[in-house]
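The structure appears below as structure tokens.
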2 protein chains.
Amino acid sequence: MDKKITIYDLAEALNVSPATVSRALNNHPSISFNTKKRIVSYAQSSGYRINKFAANLSKQKSNTIGVIVPKLNSPFMSDALSGIEKVANEHNYNLIISQSLESEQKEKLNAKTLYDSGVDALMVSLAYETTNYEHFEIFREQKIPLLFFDRVDYFPNCPTILIDNRQAGFDATEHLIQQGCKNILHVSGYLKRNAYNNRFNGFKDALYKHKLKFTPYNLYETDLDPKKVEFVMEHIKNSKEKFDGIFFANDAMAVACIQALLKEGVQIPKDIKIIGFNNNPVSEIIQPNLSTINYPGYELGVLAGQSIISHLKGNINIQSAESILLKHELIVRTSSISNK
Amino acid sequence: MDKKITIYDLAEALNVSPATVSRALNNHPSISFNTKKRIVSYAQSSGYRINKFAANLSKQKSNTIGVIVPKLNSPFMSDALSGIEKVANEHNYNLIISQSLESEQKEKLNAKTLYDSGVDALMVSLAYETTNYEHFEIFREQKIPLLFFDRVDYFPNCPTILIDNRQAGFDATEHLIQQGCKNILHVSGYLKRNAYNNRFNGFKDALYKHKLKFTPYNLYETDLDPKKVEFVMEHIKNSKEKFDGIFFANDAMAVACIQALLKEGVQIPKDIKIIGFNNNPVSEIIQPNLSTINYPGYELGVLAGQSIISHLKGNINIQSAESILLKHELIVRTSSISNK
DNA sequence: TATAGTTACGCAATCGGTTGCGTAATATGT
DNA sequence: ACATATTACGCAACCGATTGCGTAACTATA
């Protein structure tokens, strides 16, 4: 069992042609039941293993899906990847995962590598930095299905999967307003990324609807790295009119800020009401428990996986770039409620 | 640019042989500098892309590393994967990641698939269930480097990368003892997995050293799913001699249990001192802050990646199955200290 | 200038499946 | 019994790069 066995070996041993072996193993209709049985069982007993290199070359496909994400190790993204992997695995697709680490250049390199590796499809969540998209053109030229999730941008005929960030931002903000907040700060991620931009727009929508004024002070843009919480604190303290509510674009920063605020003696939610985004596990642990928007990472991954696989299997009209908006959910916990 | 360009196209256009093109593109020494320059620059301008299917077939290698983990989406594992990916990416290796979801059967299937896909190496963190290892034999037969990390088992000539769980378990337990605990409960994961078994052994070592008695009541074995915290609580309440300290084999369960205990009016650390394991981000958020053992996932991933790539590049004697033990670190926070 | 040594490249086999087309053998219809 | 359809399989080209071996052209040595 040291030497690799090929279909030629099987063919010789069974006195059939390699073509017949190949067809038998692939359950091709033009091979008789008996011959198939003979071949398949002999293949098993002899320990034959297909050589995917050869199969890929001749079929020009790899049964492999490429994924590019900013970072593997965030609760949201690892949930999403887990969902994608589960679906891919069930359909016998392999997943090649790579990280852009928020760098446009690495994203481009990864895209090239995945293209060269012959992935059958590509799923992307964009890096913070990315503003130019020509590295994806080749996929379109070669008609390789391309799908964006979570961090997306407009791309003709490309399905996107994410939640309605604008509505979610609106819901979060309106919730704070309903709890009595009048001067709300929005701590946003980079606004050029759709997710954050839309949350911000939802924020403004809610202010507008409830006739609250919006000044530049009501917005603080950051990369959402919790280590930089001090800058957020500075902004909060420097504000002329004190904020009575903060809507954070993610929970990690919200939690860091809650801890900093508590240390300063600020009472939450009495002095400032706070809501986050993502329903990160820590939101249930922090005291006070953090209100947030549930962004279902795992389900998103599953849907994204299913969507791309439908495309690959041709079940779906490839033209129809359906974009899926997942339902988000406002989760009210103690950090934002007024009667306490 | 619609049709794919091959080395044959380049060869024809430049009046050289395909062999020369191939060698030029691979910077083979027997091609003159000028010819190389001609070929490389023309290849670039014409938009030539290598066909890895063909290259893989002829070289019988894929520049791809397979990874099997129990679950993608735990803080520890996604950190480790992030580290692995970073290293792999830097060395131009692709990463195919698959999840066993703690099932031995899926682990076997994934191993088969990855073998068939022609990965150049395999990195594994074992599923809870796995007791039989024959699905890895084929890798050894074919001399495909195999490495285990975190959840490992003894495998001749296979490098393993993990922390010294026994010492870590000992350190955690001794810390509780030093804080005055006399009757400590150890909430363990499945003991047939080395990581948990060794933590448990370290636990017993510490009790023995400090002449504390160990009875079956001092051990509670679980799958560490925080949803099952009630069973742990039951065990705690049913114990005849009240526990004054608990050493959890992971932070997630520790946090769940702290919340349950607090709800019951138990004071931590006054009544019960608690230490976890992993240094999960939540350990810094929970009140009281959870003492724990830092298990550096990212660094582990980086080391594991470097190790397997050294093997692949032949820098290291493949025989020498070096096993790496990472340093762990006892992190003392408020959940375990006595003067409070 | 004859000989040996380099340099630079081409020939052709090889990696192992896949698949369009052709055909012998058998089945079906009248 | 004869024409036609169907079944079951083989032939051989093909996918696109890699590489051992051979050799023409050129350089260095005596």
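Chain identifiers are assigned as A, B, and so on, following the order in which chains appear in the structure tokens; residues are numbered from 1 within each chain, and ligands are numbered from 1 in order of appearance.
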With 9 Å as the limit and counting only C-alpha atoms (C1' of nucleotides), what residues in chain A lie close to chain D? Please list them as a PyMOL selection string.
chain A and resi 16-20+30-32+54+56-60
Emit the selected residues as a tab-separated table (two decimals), in the first residue's frame, including C-alpha atoms.
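Listing of part.tsv after writing:
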```tsv
chain	number	residue	atom	x	y	z
A	16	VAL	CA	-11.44	-2.99	-18.47
A	17	SER	CA	-10.37	0.38	-19.76
A	18	PRO	CA	-9.42	3.29	-17.51
A	19	ALA	CA	-12.35	5.16	-18.97
A	20	THR	CA	-14.70	2.52	-17.68
A	30	SER	CA	-23.52	4.14	-19.30
A	31	ILE	CA	-21.79	1.53	-17.16
A	32	SER	CA	-23.69	-1.61	-16.29
A	54	ALA	CA	-5.60	14.97	-11.82
A	56	ASN	CA	-9.15	18.94	-10.84
A	57	LEU	CA	-6.95	19.45	-13.84
A	58	SER	CA	-9.20	17.67	-16.20
A	59	LYS	CA	-12.41	19.12	-14.79
A	60	GLN	CA	-10.99	22.55	-14.15
```
Who sits within 12 Å of B:Lys3, only C-alpha atoms (C1' of nucleotides), same chain under 3 positions skipped, as a PyMOL selection string
(chain A and resi 138+141-143) or (chain B and resi 6+9+46-49)
Selection from above, N, CA, C and O atoms, as a PDB file, in the first residue's frame, can you write it?
```
ATOM      1  N   ILE A 138     -11.246  39.738 -11.809  1.00  0.00           N
ATOM      2  CA  ILE A 138     -10.903  38.492 -12.493  1.00  0.00           C
ATOM      3  C   ILE A 138     -11.897  37.388 -12.181  1.00  0.00           C
ATOM      4  O   ILE A 138     -12.164  36.522 -13.013  1.00  0.00           O
ATOM      5  N   GLU A 141     -14.755  38.108 -14.444  1.00  0.00           N
ATOM      6  CA  GLU A 141     -14.417  37.766 -15.833  1.00  0.00           C
ATOM      7  C   GLU A 141     -14.512  36.265 -16.070  1.00  0.00           C
ATOM      8  O   GLU A 141     -14.988  35.805 -17.102  1.00  0.00           O
ATOM      9  N   GLN A 142     -14.011  35.525 -15.111  1.00  0.00           N
ATOM     10  CA  GLN A 142     -13.982  34.069 -15.273  1.00  0.00           C
ATOM     11  C   GLN A 142     -15.272  33.422 -14.779  1.00  0.00           C
ATOM     12  O   GLN A 142     -15.341  32.207 -14.641  1.00  0.00           O
ATOM     13  N   LYS A 143     -16.248  34.267 -14.444  1.00  0.00           N
ATOM     14  CA  LYS A 143     -17.542  33.754 -14.008  1.00  0.00           C
ATOM     15  C   LYS A 143     -17.440  32.850 -12.781  1.00  0.00           C
ATOM     16  O   LYS A 143     -18.108  31.823 -12.678  1.00  0.00           O
TER      17      LYS A 143
ATOM     18  N   THR B   6      -1.855  29.740 -21.466  1.00  0.00           N
ATOM     19  CA  THR B   6      -1.014  28.689 -20.904  1.00  0.00           C
ATOM     20  C   THR B   6       0.445  28.931 -21.268  1.00  0.00           C
ATOM     21  O   THR B   6       0.761  29.806 -22.075  1.00  0.00           O
ATOM     22  N   ASP B   9       0.983  28.916 -24.956  1.00  0.00           N
ATOM     23  CA  ASP B   9       0.727  30.173 -25.657  1.00  0.00           C
ATOM     24  C   ASP B   9       1.945  31.078 -25.568  1.00  0.00           C
ATOM     25  O   ASP B   9       2.375  31.677 -26.556  1.00  0.00           O
ATOM     26  N   SER B  46       0.850  39.736 -20.624  1.00  0.00           N
ATOM     27  CA  SER B  46      -0.231  39.020 -21.300  1.00  0.00           C
ATOM     28  C   SER B  46      -1.281  38.519 -20.313  1.00  0.00           C
ATOM     29  O   SER B  46      -2.294  37.958 -20.697  1.00  0.00           O
ATOM     30  N   GLY B  47      -1.014  38.732 -19.023  1.00  0.00           N
ATOM     31  CA  GLY B  47      -1.989  38.291 -18.031  1.00  0.00           C
ATOM     32  C   GLY B  47      -1.974  36.794 -17.784  1.00  0.00           C
ATOM     33  O   GLY B  47      -2.964  36.212 -17.361  1.00  0.00           O
ATOM     34  N   TYR B  48      -0.835  36.196 -18.018  1.00  0.00           N
ATOM     35  CA  TYR B  48      -0.735  34.752 -17.772  1.00  0.00           C
ATOM     36  C   TYR B  48      -0.890  34.442 -16.287  1.00  0.00           C
ATOM     37  O   TYR B  48      -0.365  35.147 -15.442  1.00  0.00           O
ATOM     38  N   ARG B  49      -1.657  33.390 -15.981  1.00  0.00           N
ATOM     39  CA  ARG B  49      -1.763  32.901 -14.607  1.00  0.00           C
ATOM     40  C   ARG B  49      -1.469  31.416 -14.610  1.00  0.00           C
ATOM     41  O   ARG B  49      -2.029  30.680 -15.429  1.00  0.00           O
TER      42      ARG B  49
END
```
Using only C-alpha atoms (C1' of nucleotides), determine which residues lie at most 7 Å from stretch 108-119 of chain B, disregarding the query and same-chain residues fewer than 4 positions distant; provide the list as an MDAnalysis selection string.
(chainID A and resid 49:52) or (chainID B and resid 61:62 64:66 98 104 135)
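Atom pair atom CA of B:Gln178 / atom CA of B:Ala206 has a distance of 10.6 Å (rounded to one decimal).
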Distance filter 12 Å, only C-alpha atoms (C1' of nucleotides), chain C against chain B, as a ChimeraX atom specification
/C:6-17
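Residues in contact with A:Pro70 at up to 6 Å, not including ones fewer than 6 positions away on its chain and judged by only C-alpha atoms (C1' of nucleotides), are Gln99, Ser100, Leu101, Glu102 and Ala127 of chain A.
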Residues of stretch 23-174 of chain B classed as alpha helix (DSSP H) by DSSP on the backbone are to be reported as a PyMOL selection string.
chain B and resi 23-25+33-46+52-59+75-90+104-116+137-141+165-174
So which bits of stretch 78-272 of chain B end up strand (DSSP E or B) when you DSSP the backbone, as number ranges by chain?
B: 94-99, 121-124, 146-149, 160-163, 184-188, 219-221, 245-248
What lies within 12 Å of A:Leu207 using only C-alpha atoms (C1' of nucleotides), ignoring chain neighbours under 4 positions off, as a ChimeraX atom specification?
/A:169-178,181-186,200-203,211-215,218
